[in-house]
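Student: Just so it is clear, I am handing over start17.csv, which has CSV, C-alpha atoms.
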```
chain,number,residue,atom,x,y,z
A,371,SER,CA,-7.4,7.5,59.4
A,372,ARG,CA,-10.4,5.3,59.0
A,373,SER,CA,-9.5,3.0,61.9
A,374,VAL,CA,-8.9,6.0,64.1
A,375,TYR,CA,-12.4,7.3,63.2
A,376,PHE,CA,-13.9,3.9,64.3
A,377,GLN,CA,-11.9,3.8,67.5
A,378,ILE,CA,-13.0,7.4,68.4
A,379,ALA,CA,-16.6,6.4,67.8
A,380,ASN,CA,-16.1,3.4,70.2
A,381,GLY,CA,-14.7,5.6,72.9
A,382,SER,CA,-11.1,4.6,72.6
A,383,ASP,CA,-8.3,7.1,73.6
A,384,LYS,CA,-6.8,8.3,70.3
A,385,PRO,CA,-5.3,11.6,69.1
A,386,LYS,CA,-7.8,14.4,68.5
A,387,LEU,CA,-8.7,14.8,64.9
A,388,GLY,CA,-7.4,18.0,63.3
A,389,LYS,CA,-7.9,19.8,60.0
A,390,PHE,CA,-6.4,16.8,58.2
A,391,GLY,CA,-7.6,13.9,60.3
A,392,ILE,CA,-4.7,12.4,62.3
A,393,TYR,CA,-2.1,14.2,60.2
A,394,THR,CA,-0.6,17.7,60.7
A,395,GLU,CA,-0.5,20.3,58.0
A,396,ASN,CA,3.2,19.8,57.6
A,397,GLN,CA,2.7,16.1,57.0
A,398,MET,CA,-0.1,16.8,54.5
A,399,ASN,CA,2.1,19.3,52.7
A,400,PHE,CA,4.8,16.6,52.5
A,401,ILE,CA,2.4,14.1,51.0
A,402,PHE,CA,1.1,16.5,48.4
A,403,ASN,CA,4.5,17.8,47.5
A,404,ASN,CA,5.9,14.3,47.0
A,405,LEU,CA,2.9,13.2,45.1
A,406,GLN,CA,3.2,16.2,42.7
A,407,ASN,CA,6.9,15.6,42.2
A,408,ASN,CA,6.2,11.9,41.4
A,409,LEU,CA,3.4,12.7,38.9
A,410,ARG,CA,5.4,15.5,37.1
A,411,ASN,CA,9.1,14.4,37.4
A,412,ASP,CA,10.0,11.2,39.2
A,413,PHE,CA,7.5,8.6,37.9
A,414,LYS,CA,8.7,6.1,40.5
A,415,VAL,CA,5.4,5.3,42.1
A,416,SER,CA,3.0,3.5,39.9
A,417,SER,CA,0.4,2.4,42.4
A,418,PHE,CA,-1.6,5.1,44.2
A,419,TYR,CA,-4.0,3.0,46.3
A,420,GLY,CA,-2.2,3.7,49.6
A,421,VAL,CA,-1.8,7.5,49.1
A,422,ALA,CA,-5.3,7.8,47.8
A,423,ARG,CA,-6.6,6.1,50.9
A,424,ILE,CA,-4.5,8.4,53.2
A,425,LEU,CA,-5.8,11.5,51.4
A,426,VAL,CA,-9.4,10.5,51.3
A,427,PHE,CA,-9.6,9.6,55.0
A,428,SER,CA,-7.8,12.9,55.8
A,429,ILE,CA,-10.9,14.8,54.6
A,430,ASN,CA,-12.7,16.4,57.5
A,431,ASN,CA,-16.2,17.7,56.9
A,432,GLU,CA,-15.6,20.5,59.5
A,433,ASN,CA,-12.3,21.7,58.0
A,434,PHE,CA,-12.5,20.9,54.3
A,435,ASP,CA,-11.2,24.1,52.8
A,436,GLY,CA,-7.6,23.6,53.7
A,437,PHE,CA,-7.5,20.2,52.1
A,438,TYR,CA,-9.4,21.4,49.1
A,439,GLN,CA,-6.9,24.2,48.4
A,440,LYS,CA,-4.0,21.7,48.5
A,441,LEU,CA,-5.9,19.3,46.2
A,442,LYS,CA,-6.7,22.1,43.7
A,443,VAL,CA,-3.0,23.2,43.6
A,444,LEU,CA,-2.0,19.6,42.8
A,445,LEU,CA,-4.7,19.1,40.1
A,446,ASN,CA,-3.9,22.5,38.5
A,447,SER,CA,-0.2,21.5,38.3
A,448,ILE,CA,-0.9,18.2,36.5
A,449,GLU,CA,-3.9,19.2,34.3
A,450,THR,CA,-1.6,19.8,31.3
A,451,PHE,CA,-0.1,16.3,31.8
A,452,ALA,CA,-3.6,14.9,31.1
A,453,HIS,CA,-3.9,16.6,27.7
A,454,PRO,CA,-4.2,14.1,24.9
A,455,SER,CA,-1.5,15.8,22.9
A,456,ASN,CA,0.9,15.7,25.9
A,457,THR,CA,1.8,12.0,26.3
A,458,GLY,CA,4.6,10.4,28.1
A,459,SER,CA,5.6,8.4,31.2
A,460,TRP,CA,3.3,10.6,33.2
A,461,SER,CA,0.1,9.9,31.3
A,462,ILE,CA,-0.8,6.6,32.8
A,463,LEU,CA,0.3,7.7,36.3
A,464,VAL,CA,-1.9,10.9,36.3
A,465,ALA,CA,-4.8,8.8,35.0
A,466,ARG,CA,-4.3,6.1,37.6
A,467,PHE,CA,-4.1,8.6,40.5
A,468,CYS,CA,-7.3,10.4,39.5
A,469,HIS,CA,-9.1,7.0,39.3
A,470,ARG,CA,-7.7,5.7,42.6
A,471,PHE,CA,-8.6,8.9,44.5
A,472,ILE,CA,-12.1,9.1,43.2
A,473,LYS,CA,-12.7,5.4,43.6
A,474,GLN,CA,-11.5,5.5,47.2
A,475,TYR,CA,-13.6,8.7,47.8
A,476,HIS,CA,-16.7,6.9,46.4
A,477,LYS,CA,-16.0,3.9,48.6
A,478,ARG,CA,-15.9,6.1,51.7
A,479,ILE,CA,-19.2,7.7,50.6
A,480,ILE,CA,-20.9,4.3,50.3
A,481,ALA,CA,-19.4,3.1,53.7
A,482,GLU,CA,-20.7,6.2,55.5
A,483,LYS,CA,-24.2,5.7,54.1
A,484,ASP,CA,-24.4,2.4,55.9
A,485,GLU,CA,-26.6,2.7,59.0
A,486,ASP,CA,-23.9,0.7,60.9
A,487,SER,CA,-21.1,3.1,59.9
A,488,LYS,CA,-18.9,4.0,62.9
A,489,VAL,CA,-17.5,7.1,61.3
A,490,PRO,CA,-18.4,10.1,63.5
A,491,LYS,CA,-21.2,12.2,61.9
A,492,GLU,CA,-19.3,15.5,62.3
A,493,VAL,CA,-16.5,14.3,59.9
A,494,ARG,CA,-18.6,12.5,57.4
A,495,LEU,CA,-18.5,13.6,53.8
A,496,SER,CA,-21.4,15.8,52.7
A,497,PRO,CA,-23.1,16.7,49.3
A,498,GLU,CA,-21.4,20.1,49.5
A,499,ILE,CA,-18.0,18.4,49.7
A,500,ASN,CA,-19.0,16.1,46.9
A,501,ALA,CA,-19.8,19.1,44.7
A,502,LYS,CA,-16.4,20.6,45.3
A,503,ILE,CA,-14.7,17.3,44.5
A,504,ILE,CA,-16.6,17.2,41.2
A,505,SER,CA,-15.7,20.7,40.5
A,506,ALA,CA,-12.0,20.0,41.2
A,507,PHE,CA,-11.8,16.9,38.9
A,508,LYS,CA,-14.3,17.8,36.2
A,509,GLU,CA,-11.8,19.4,33.7
A,510,ILE,CA,-9.0,16.9,34.1
A,511,VAL,CA,-11.3,13.9,33.8
A,512,LEU,CA,-13.1,15.1,30.7
A,513,LEU,CA,-9.8,16.1,29.1
A,514,GLY,CA,-8.1,12.9,30.0
A,515,SER,CA,-11.0,10.8,28.6
A,516,GLN,CA,-9.9,11.9,25.1
A,517,ALA,CA,-6.4,10.3,25.5
A,518,LYS,CA,-5.4,8.2,22.4
A,519,LYS,CA,-4.4,5.1,24.4
A,520,ASP,CA,-7.3,3.1,25.8
A,521,SER,CA,-5.1,2.1,28.8
A,522,VAL,CA,-5.1,5.8,29.8
A,523,SER,CA,-8.6,7.0,28.7
A,524,ASN,CA,-10.4,4.1,30.3
A,525,TYR,CA,-9.1,5.2,33.8
A,526,TYR,CA,-10.6,8.7,33.3
A,527,ILE,CA,-13.9,7.3,31.9
A,528,ALA,CA,-14.3,5.0,34.8
A,529,THR,CA,-13.6,7.9,37.1
A,530,LEU,CA,-16.4,9.8,35.4
A,531,GLY,CA,-18.8,7.1,36.4
A,532,TYR,CA,-17.8,7.3,40.1
A,533,LEU,CA,-18.1,11.2,40.0
A,534,THR,CA,-21.6,11.0,38.4
A,535,ASP,CA,-22.7,8.6,41.2
A,536,LEU,CA,-22.0,11.2,43.9
A,537,GLU,CA,-24.9,13.0,45.5
A,538,ALA,CA,-24.2,16.6,44.5
A,539,THR,CA,-26.0,19.6,42.9
A,540,ASN,CA,-23.4,19.9,40.1
A,541,ARG,CA,-23.1,16.4,38.8
A,542,PHE,CA,-25.4,17.3,35.9
A,543,LEU,CA,-22.4,19.3,34.5
A,544,LEU,CA,-20.6,16.1,33.7
A,545,VAL,CA,-23.7,14.5,32.2
A,546,ASN,CA,-24.4,17.6,30.1
A,547,GLN,CA,-20.9,17.5,28.5
A,548,VAL,CA,-21.3,13.8,27.7
A,549,LEU,CA,-24.7,14.4,26.1
A,550,ILE,CA,-23.3,17.3,24.0
A,551,ASP,CA,-20.4,15.1,22.8
A,552,LEU,CA,-22.6,12.1,22.1
A,553,TYR,CA,-25.3,14.1,20.2
A,554,ASP,CA,-22.6,15.8,18.1
A,555,SER,CA,-21.0,12.4,17.4
A,556,LEU,CA,-24.3,10.7,16.4
A,557,THR,CA,-25.3,13.7,14.1
A,558,ASP,CA,-22.0,13.4,12.3
A,559,GLN,CA,-20.4,16.5,13.8
A,560,PHE,CA,-17.2,14.4,14.3
A,561,ILE,CA,-17.5,12.5,11.0
A,562,ASN,CA,-13.7,12.4,10.7
A,563,SER,CA,-13.0,11.4,14.3
A,564,SER,CA,-13.9,7.8,15.1
A,565,HIS,CA,-11.9,8.1,18.3
A,566,ARG,CA,-14.1,10.9,19.7
A,567,ILE,CA,-17.2,8.9,18.8
A,568,ILE,CA,-15.9,5.9,20.6
A,569,VAL,CA,-15.0,8.0,23.7
A,570,ALA,CA,-18.5,9.6,23.7
A,571,LEU,CA,-20.1,6.1,23.6
A,572,LYS,CA,-17.9,4.9,26.5
A,573,GLN,CA,-18.7,7.9,28.6
A,574,PHE,CA,-22.4,7.4,27.9
A,575,THR,CA,-22.2,3.9,29.3
A,576,GLU,CA,-20.8,5.3,32.5
A,577,VAL,CA,-23.4,8.1,33.0
A,578,SER,CA,-26.5,6.2,31.7
A,579,ARG,CA,-27.1,4.7,35.2
A,580,PHE,CA,-27.6,8.2,36.5
A,581,MET,CA,-29.7,9.3,33.5
A,582,ILE,CA,-32.3,6.6,33.8
A,583,HIS,CA,-33.0,7.5,37.4
A,584,ASP,CA,-33.5,11.2,36.6
A,585,LYS,CA,-36.8,12.4,35.2
A,586,ILE,CA,-35.2,15.2,33.1
A,587,TYR,CA,-32.3,13.1,31.6
A,588,ARG,CA,-34.4,10.0,31.2
A,589,ILE,CA,-36.1,11.4,28.1
A,590,HIS,CA,-32.7,11.5,26.3
A,591,MET,CA,-32.4,7.7,26.5
A,592,THR,CA,-35.0,7.1,23.9
A,593,ASN,CA,-33.7,9.7,21.6
A,594,LEU,CA,-30.1,8.4,21.9
A,595,MET,CA,-31.1,4.8,21.4
A,596,SER,CA,-33.0,5.8,18.2
A,597,LEU,CA,-29.9,7.6,16.9
A,598,LEU,CA,-27.7,4.7,17.8
A,599,LEU,CA,-29.9,2.2,16.0
A,600,SER,CA,-30.1,4.4,12.9
A,601,LYS,CA,-26.3,4.2,12.7
A,602,ILE,CA,-26.2,0.4,12.5
A,603,GLY,CA,-25.9,-0.7,8.9
A,604,THR,CA,-26.1,-4.1,7.3
A,605,ASN,CA,-22.3,-4.3,7.2
A,606,ASP,CA,-22.3,-4.0,11.0
A,607,LEU,CA,-24.5,-7.1,11.6
```
Do you think you could lay out the structure here as structure tokens?

Tutor:
Amino acid sequence: SRSVYFQIANGSDKPKLGKFGIYTENQMNFIFNNLQNNLRNDFKVSSFYGVARILVFSINNENFDGFYQKLKVLLNSIETFAHPSNTGSWSILVARFCHRFIKQYHKRIIAEKDEDSKVPKEVRLSPEINAKIISAFKEIVLLGSQAKKDSVSNYYIATLGYLTDLEATNRFLLVNQVLIDLYDSLTDQFINSSHRIIVALKQFTEVSRFMIHDKIYRIHMTNLMSLLLSKIGTNDL
């Protein structure tokens, strides 16, 4: 899809872009259905770089609603598979898919910001689309971050960092939840859960880049660092 965008911009004769880029709705249904089956039942595909790339470059700014509805159906169907208490062969696959999709989406955002980008302006991703992507992935990413295995939770936590870096009006929702968990952790609300404290600290490292550039969230940095320092005892040195 990306190469097609470039060739259209250069005046080459290529198929007209539809609601799903160069793909028809039947083809997009086929991709989503097979992806859902693999994440819930088959577990045969372990790398999602290719399919993430196809999906991300099928997003059309002028016709996003159709794609968004299909994405929401997929995410709703696999959300329970991301729950920390529901572990199995699917756990790492769901985590990896979420990470690959958002990483590829973030990569497209960065590429389109380049002044030399050849992607037509009418199909470029917008802050409004970013907000819907954050809304779609918010619950599953925050839920999956609590996974007991680091190999699984680290994918979700990295995904959180990419989402927070998107230009959108609702990215503060992600930061707010991280702050709540971190403050609760550092004030001994989770005194019997070292796992949750570690997760909160990992999440904080991902969103702190956004926080220091925001005048509202910046004030929390000093407070949090003071709390962190107060938790370091002589036995930790």

Student: Which residues of segment 471-504 of chain A come within 10 Å of segment 428-433 of chain A, and what is each one's closest atom pair and distance in Å (one decimal), counting only C-alpha atoms, sorted by chain and residue number, as JSON lines?

Tutor:
```
{"residue": "A:Tyr475", "atom": "CA", "partner": "A:Ile429", "partner_atom": "CA", "distance": 9.5}
{"residue": "A:Lys491", "atom": "CA", "partner": "A:Asn431", "partner_atom": "CA", "distance": 9.0}
{"residue": "A:Glu492", "atom": "CA", "partner": "A:Asn431", "partner_atom": "CA", "distance": 6.6}
{"residue": "A:Val493", "atom": "CA", "partner": "A:Asn431", "partner_atom": "CA", "distance": 4.5}
{"residue": "A:Arg494", "atom": "CA", "partner": "A:Asn431", "partner_atom": "CA", "distance": 5.7}
{"residue": "A:Leu495", "atom": "CA", "partner": "A:Asn431", "partner_atom": "CA", "distance": 5.6}
{"residue": "A:Ser496", "atom": "CA", "partner": "A:Asn431", "partner_atom": "CA", "distance": 6.9}
{"residue": "A:Glu498", "atom": "CA", "partner": "A:Asn431", "partner_atom": "CA", "distance": 9.4}
{"residue": "A:Ile499", "atom": "CA", "partner": "A:Asn431", "partner_atom": "CA", "distance": 7.5}
```

Student: Check the smallest atom-to-atom distance from each of A:Arg566, A:Arg423, A:Lys442, A:Lys508 to His476 of chain A using all atoms listed in the file, then report the winner.

Tutor: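 Using all atoms listed in the file, the shortest distance to His476 of chain A belongs to A:Arg423.
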
Student: Between A:Phe427, A:Ala528, A:Ala501, A:Arg470, which residue has the minimum interatomic distance to Val489 of chain A, considering all atoms listed in the file?

Tutor: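 Once distances to Val489 of chain A are computed over all atoms listed in the file, the minimum belongs to A:Phe427.
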
Student: Using all atoms listed in the file, which of the listed residues (A:Ala452, A:Lys414, A:Leu536, A:Lys389) sits closest to Asp435 of chain A?

Tutor: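 Smallest distance to Asp435 of chain A is found for A:Lys389.
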
Student: Between atom CA of Ile479 of chain A and atom CA of Ser461 of chain A, what distance in Å does the model show, to one decimal?

Tutor: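 Between these atoms lies a distance of 27.4 Å.
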
Student: Go through A:Arg579, A:Lys440, A:Lys585, A:His453 one by one, measure the shortest atom-to-atom distance of each to Leu512 of chain A using all atoms listed in the file, and give the residue with the smallest value.

Tutor: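 Closest to Leu512 of chain A of all the choices is A:His453.
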
Student: Set the distance at 10 Å and use all atoms listed in the file: which residues neighbour Leu552 of chain A once local chain neighbours fewer than 5 positions away are removed? I'd like the list as a PyMOL selection string.

Tutor: chain A and resi 546-547+557-560+566-574+594+598

Student: Which residue is closest to Pro497 of chain A? Choose from A:Lys473, A:Tyr532, A:Leu445, A:Arg541 and count only C-alpha atoms.

Tutor: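 Result for the nearest residue to Pro497 of chain A: A:Arg541.
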
Student: Taking 3 positions as the minimum chain separation for residues in the same chain, which residues sit within 9 Å of segment 446-448 of chain A when counting only C-alpha atoms? Answer as a PyMOL selection string.

Tutor: chain A and resi 406+409-410+441-443+451-452+464+506+510

Student: Hey, can you spit out that residue selection with C-alpha atoms as a short mmCIF file (atom, residue, chain, number, x, y, z; two decimals), in the frame of the given file?

Tutor:
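Now in result.cif:
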```
data_model
loop_
_atom_site.label_atom_id
_atom_site.label_comp_id
_atom_site.auth_asym_id
_atom_site.auth_seq_id
_atom_site.Cartn_x
_atom_site.Cartn_y
_atom_site.Cartn_z
CA GLN A 406 3.20 16.20 42.70
CA LEU A 409 3.40 12.70 38.90
CA ARG A 410 5.40 15.50 37.10
CA LEU A 441 -5.90 19.30 46.20
CA LYS A 442 -6.70 22.10 43.70
CA VAL A 443 -3.00 23.20 43.60
CA PHE A 451 -0.10 16.30 31.80
CA ALA A 452 -3.60 14.90 31.10
CA VAL A 464 -1.90 10.90 36.30
CA ALA A 506 -12.00 20.00 41.20
CA ILE A 510 -9.00 16.90 34.10
#
```

Student: Between atom CA of Ile589 of chain A and atom CA of Thr539 of chain A, measure the distance and give it in Å to one decimal.

Tutor: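 We find that atom CA of Ile589 of chain A and atom CA of Thr539 of chain A lie 19.7 Å from each other.
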
Student: Using all atoms listed in the file for the distances, tell me which of A:Phe434, A:Phe400, A:Tyr553, A:Phe418 is nearest to Gly388 of chain A.

Tutor: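 Of A:Phe434, A:Phe400, A:Tyr553, A:Phe418, the one nearest Gly388 of chain A is A:Phe434, counting all atoms listed in the file.
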
Student: Would you give the centre and edge lengths, in Å to one decimal, of a box along x, y and z around the listed atoms of segment 496-503 of chain A, with 3 Å added to each side, as JSON?

Tutor:
```
{"center_x": -18.9, "center_y": 18.2, "center_z": 48.6, "size_x": 14.4, "size_y": 10.8, "size_z": 14.2}
```

Student: Determine, counting all atoms listed in the file, every residue of protein, DNA or RNA that lies within 12 Å of (-0.7, 7.5, 51.5) in the file coordinates, then give the result as JSON, numbers by chain.

Tutor: {"A": [371, 393, 397, 398, 400, 401, 402, 404, 405, 415, 417, 418, 419, 420, 421, 422, 423, 424, 425, 426, 427, 428, 467, 470, 471, 474]}

Student: Could you state the separation of atom CA of Ile480 of chain A and atom CA of Ile392 of chain A in Å, given to one decimal place?

Tutor: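 Distance reported for this atom pair: 21.7 Å.
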
Student: List as a ChimeraX atom specification the protein and nucleic acid residues near Val511 of chain A, meaning an atom at most 10 Å away when all atoms listed in the file are counted, but skip any in the same chain fewer than 3 places from it.

Tutor: /A:449,452-453,465,468-469,504,506-508,514-516,523,525-530,533,544

Student: For the structure just given, write the atoms of segment 391-402 of chain A, namely all heavy atoms, as a PDB file, in the first residue's frame.

Tutor:
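After the write, result-v8.pdb holds the following:
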```pdb
ATOM      1  N   GLY A 391      -7.525   1.334   1.088  1.00  0.00           N
ATOM      2  CA  GLY A 391      -6.326   1.452   0.266  1.00  0.00           C
ATOM      3  C   GLY A 391      -6.482   0.708  -1.042  1.00  0.00           C
ATOM      4  O   GLY A 391      -7.442   0.925  -1.777  1.00  0.00           O
ATOM      5  N   ILE A 392      -5.551  -0.203  -1.340  1.00  0.00           N
ATOM      6  CA  ILE A 392      -5.626  -0.955  -2.593  1.00  0.00           C
ATOM      7  C   ILE A 392      -6.449  -2.226  -2.435  1.00  0.00           C
ATOM      8  O   ILE A 392      -6.652  -2.953  -3.406  1.00  0.00           O
ATOM      9  CB  ILE A 392      -4.217  -1.327  -3.102  1.00  0.00           C
ATOM     10  CG1 ILE A 392      -3.510  -2.246  -2.099  1.00  0.00           C
ATOM     11  CG2 ILE A 392      -3.391  -0.084  -3.380  1.00  0.00           C
ATOM     12  CD1 ILE A 392      -2.184  -2.805  -2.617  1.00  0.00           C
ATOM     13  N   TYR A 393      -6.939  -2.491  -1.232  1.00  0.00           N
ATOM     14  CA  TYR A 393      -7.679  -3.731  -0.977  1.00  0.00           C
ATOM     15  C   TYR A 393      -9.187  -3.503  -1.012  1.00  0.00           C
ATOM     16  O   TYR A 393      -9.690  -2.429  -0.664  1.00  0.00           O
ATOM     17  CB  TYR A 393      -7.285  -4.320   0.385  1.00  0.00           C
ATOM     18  CG  TYR A 393      -5.830  -4.684   0.472  1.00  0.00           C
ATOM     19  CD1 TYR A 393      -4.924  -3.835   1.098  1.00  0.00           C
ATOM     20  CD2 TYR A 393      -5.348  -5.863  -0.081  1.00  0.00           C
ATOM     21  CE1 TYR A 393      -3.581  -4.145   1.162  1.00  0.00           C
ATOM     22  CE2 TYR A 393      -4.000  -6.183  -0.016  1.00  0.00           C
ATOM     23  CZ  TYR A 393      -3.116  -5.315   0.604  1.00  0.00           C
ATOM     24  OH  TYR A 393      -1.789  -5.625   0.660  1.00  0.00           O
ATOM     25  N   THR A 394      -9.906  -4.548  -1.404  1.00  0.00           N
ATOM     26  CA  THR A 394     -11.364  -4.492  -1.384  1.00  0.00           C
ATOM     27  C   THR A 394     -11.848  -4.833   0.024  1.00  0.00           C
ATOM     28  O   THR A 394     -11.090  -5.332   0.855  1.00  0.00           O
ATOM     29  CB  THR A 394     -11.970  -5.499  -2.373  1.00  0.00           C
ATOM     30  OG1 THR A 394     -11.665  -6.838  -1.930  1.00  0.00           O
ATOM     31  CG2 THR A 394     -11.418  -5.288  -3.780  1.00  0.00           C
ATOM     32  N   GLU A 395     -13.119  -4.601   0.276  1.00  0.00           N
ATOM     33  CA  GLU A 395     -13.656  -4.924   1.602  1.00  0.00           C
ATOM     34  C   GLU A 395     -13.633  -6.428   1.845  1.00  0.00           C
ATOM     35  O   GLU A 395     -13.374  -6.874   2.969  1.00  0.00           O
ATOM     36  CB  GLU A 395     -15.083  -4.397   1.752  1.00  0.00           C
ATOM     37  CG  GLU A 395     -15.647  -4.645   3.143  1.00  0.00           C
ATOM     38  CD  GLU A 395     -16.843  -3.773   3.459  1.00  0.00           C
ATOM     39  OE1 GLU A 395     -17.359  -3.111   2.542  1.00  0.00           O
ATOM     40  OE2 GLU A 395     -17.269  -3.763   4.633  1.00  0.00           O
ATOM     41  N   ASN A 396     -13.884  -7.230   0.814  1.00  0.00           N
ATOM     42  CA  ASN A 396     -13.822  -8.685   0.976  1.00  0.00           C
ATOM     43  C   ASN A 396     -12.413  -9.142   1.341  1.00  0.00           C
ATOM     44  O   ASN A 396     -12.238 -10.038   2.183  1.00  0.00           O
ATOM     45  CB  ASN A 396     -14.270  -9.372  -0.318  1.00  0.00           C
ATOM     46  CG  ASN A 396     -15.774  -9.311  -0.519  1.00  0.00           C
ATOM     47  OD1 ASN A 396     -16.529  -9.131   0.439  1.00  0.00           O
ATOM     48  ND2 ASN A 396     -16.219  -9.453  -1.759  1.00  0.00           N
ATOM     49  N   GLN A 397     -11.426  -8.547   0.719  1.00  0.00           N
ATOM     50  CA  GLN A 397     -10.040  -8.890   1.043  1.00  0.00           C
ATOM     51  C   GLN A 397      -9.682  -8.483   2.476  1.00  0.00           C
ATOM     52  O   GLN A 397      -9.008  -9.214   3.192  1.00  0.00           O
ATOM     53  CB  GLN A 397      -9.086  -8.207   0.053  1.00  0.00           C
ATOM     54  CG  GLN A 397      -9.146  -8.792  -1.355  1.00  0.00           C
ATOM     55  CD  GLN A 397      -8.349  -7.979  -2.356  1.00  0.00           C
ATOM     56  OE1 GLN A 397      -8.261  -6.749  -2.251  1.00  0.00           O
ATOM     57  NE2 GLN A 397      -7.767  -8.655  -3.344  1.00  0.00           N
ATOM     58  N   MET A 398     -10.195  -7.320   2.889  1.00  0.00           N
ATOM     59  CA  MET A 398      -9.920  -6.860   4.252  1.00  0.00           C
ATOM     60  C   MET A 398     -10.621  -7.756   5.270  1.00  0.00           C
ATOM     61  O   MET A 398     -10.058  -8.070   6.327  1.00  0.00           O
ATOM     62  CB  MET A 398     -10.385  -5.410   4.396  1.00  0.00           C
ATOM     63  CG  MET A 398      -9.885  -4.700   5.653  1.00  0.00           C
ATOM     64  SD  MET A 398      -8.083  -4.731   5.891  1.00  0.00           S
ATOM     65  CE  MET A 398      -7.479  -4.086   4.338  1.00  0.00           C
ATOM     66  N   ASN A 399     -11.843  -8.180   4.964  1.00  0.00           N
ATOM     67  CA  ASN A 399     -12.550  -9.124   5.844  1.00  0.00           C
ATOM     68  C   ASN A 399     -11.771 -10.430   5.980  1.00  0.00           C
ATOM     69  O   ASN A 399     -11.689 -11.007   7.067  1.00  0.00           O
ATOM     70  CB  ASN A 399     -13.947  -9.411   5.295  1.00  0.00           C
ATOM     71  CG  ASN A 399     -14.899  -8.251   5.492  1.00  0.00           C
ATOM     72  OD1 ASN A 399     -14.706  -7.420   6.387  1.00  0.00           O
ATOM     73  ND2 ASN A 399     -15.931  -8.184   4.670  1.00  0.00           N
ATOM     74  N   PHE A 400     -11.217 -10.895   4.860  1.00  0.00           N
ATOM     75  CA  PHE A 400     -10.423 -12.130   4.860  1.00  0.00           C
ATOM     76  C   PHE A 400      -9.206 -11.989   5.784  1.00  0.00           C
ATOM     77  O   PHE A 400      -8.897 -12.900   6.567  1.00  0.00           O
ATOM     78  CB  PHE A 400      -9.978 -12.453   3.433  1.00  0.00           C
ATOM     79  CG  PHE A 400      -9.077 -13.656   3.323  1.00  0.00           C
ATOM     80  CD1 PHE A 400      -9.614 -14.936   3.307  1.00  0.00           C
ATOM     81  CD2 PHE A 400      -7.699 -13.515   3.249  1.00  0.00           C
ATOM     82  CE1 PHE A 400      -8.796 -16.054   3.217  1.00  0.00           C
ATOM     83  CE2 PHE A 400      -6.867 -14.622   3.155  1.00  0.00           C
ATOM     84  CZ  PHE A 400      -7.415 -15.898   3.138  1.00  0.00           C
ATOM     85  N   ILE A 401      -8.528 -10.857   5.702  1.00  0.00           N
ATOM     86  CA  ILE A 401      -7.333 -10.623   6.529  1.00  0.00           C
ATOM     87  C   ILE A 401      -7.704 -10.583   8.008  1.00  0.00           C
ATOM     88  O   ILE A 401      -7.078 -11.248   8.841  1.00  0.00           O
ATOM     89  CB  ILE A 401      -6.643  -9.298   6.120  1.00  0.00           C
ATOM     90  CG1 ILE A 401      -6.068  -9.425   4.714  1.00  0.00           C
ATOM     91  CG2 ILE A 401      -5.539  -8.940   7.114  1.00  0.00           C
ATOM     92  CD1 ILE A 401      -5.550  -8.125   4.129  1.00  0.00           C
ATOM     93  N   PHE A 402      -8.744  -9.830   8.348  1.00  0.00           N
ATOM     94  CA  PHE A 402      -9.157  -9.717   9.748  1.00  0.00           C
ATOM     95  C   PHE A 402      -9.663 -11.049  10.302  1.00  0.00           C
ATOM     96  O   PHE A 402      -9.360 -11.409  11.442  1.00  0.00           O
ATOM     97  CB  PHE A 402     -10.240  -8.648   9.900  1.00  0.00           C
ATOM     98  CG  PHE A 402      -9.700  -7.263  10.133  1.00  0.00           C
ATOM     99  CD1 PHE A 402      -9.762  -6.293   9.135  1.00  0.00           C
ATOM    100  CD2 PHE A 402      -9.114  -6.919  11.342  1.00  0.00           C
ATOM    101  CE1 PHE A 402      -9.266  -5.020   9.353  1.00  0.00           C
ATOM    102  CE2 PHE A 402      -8.611  -5.649  11.569  1.00  0.00           C
ATOM    103  CZ  PHE A 402      -8.687  -4.689  10.575  1.00  0.00           C
TER     104      PHE A 402
END
```
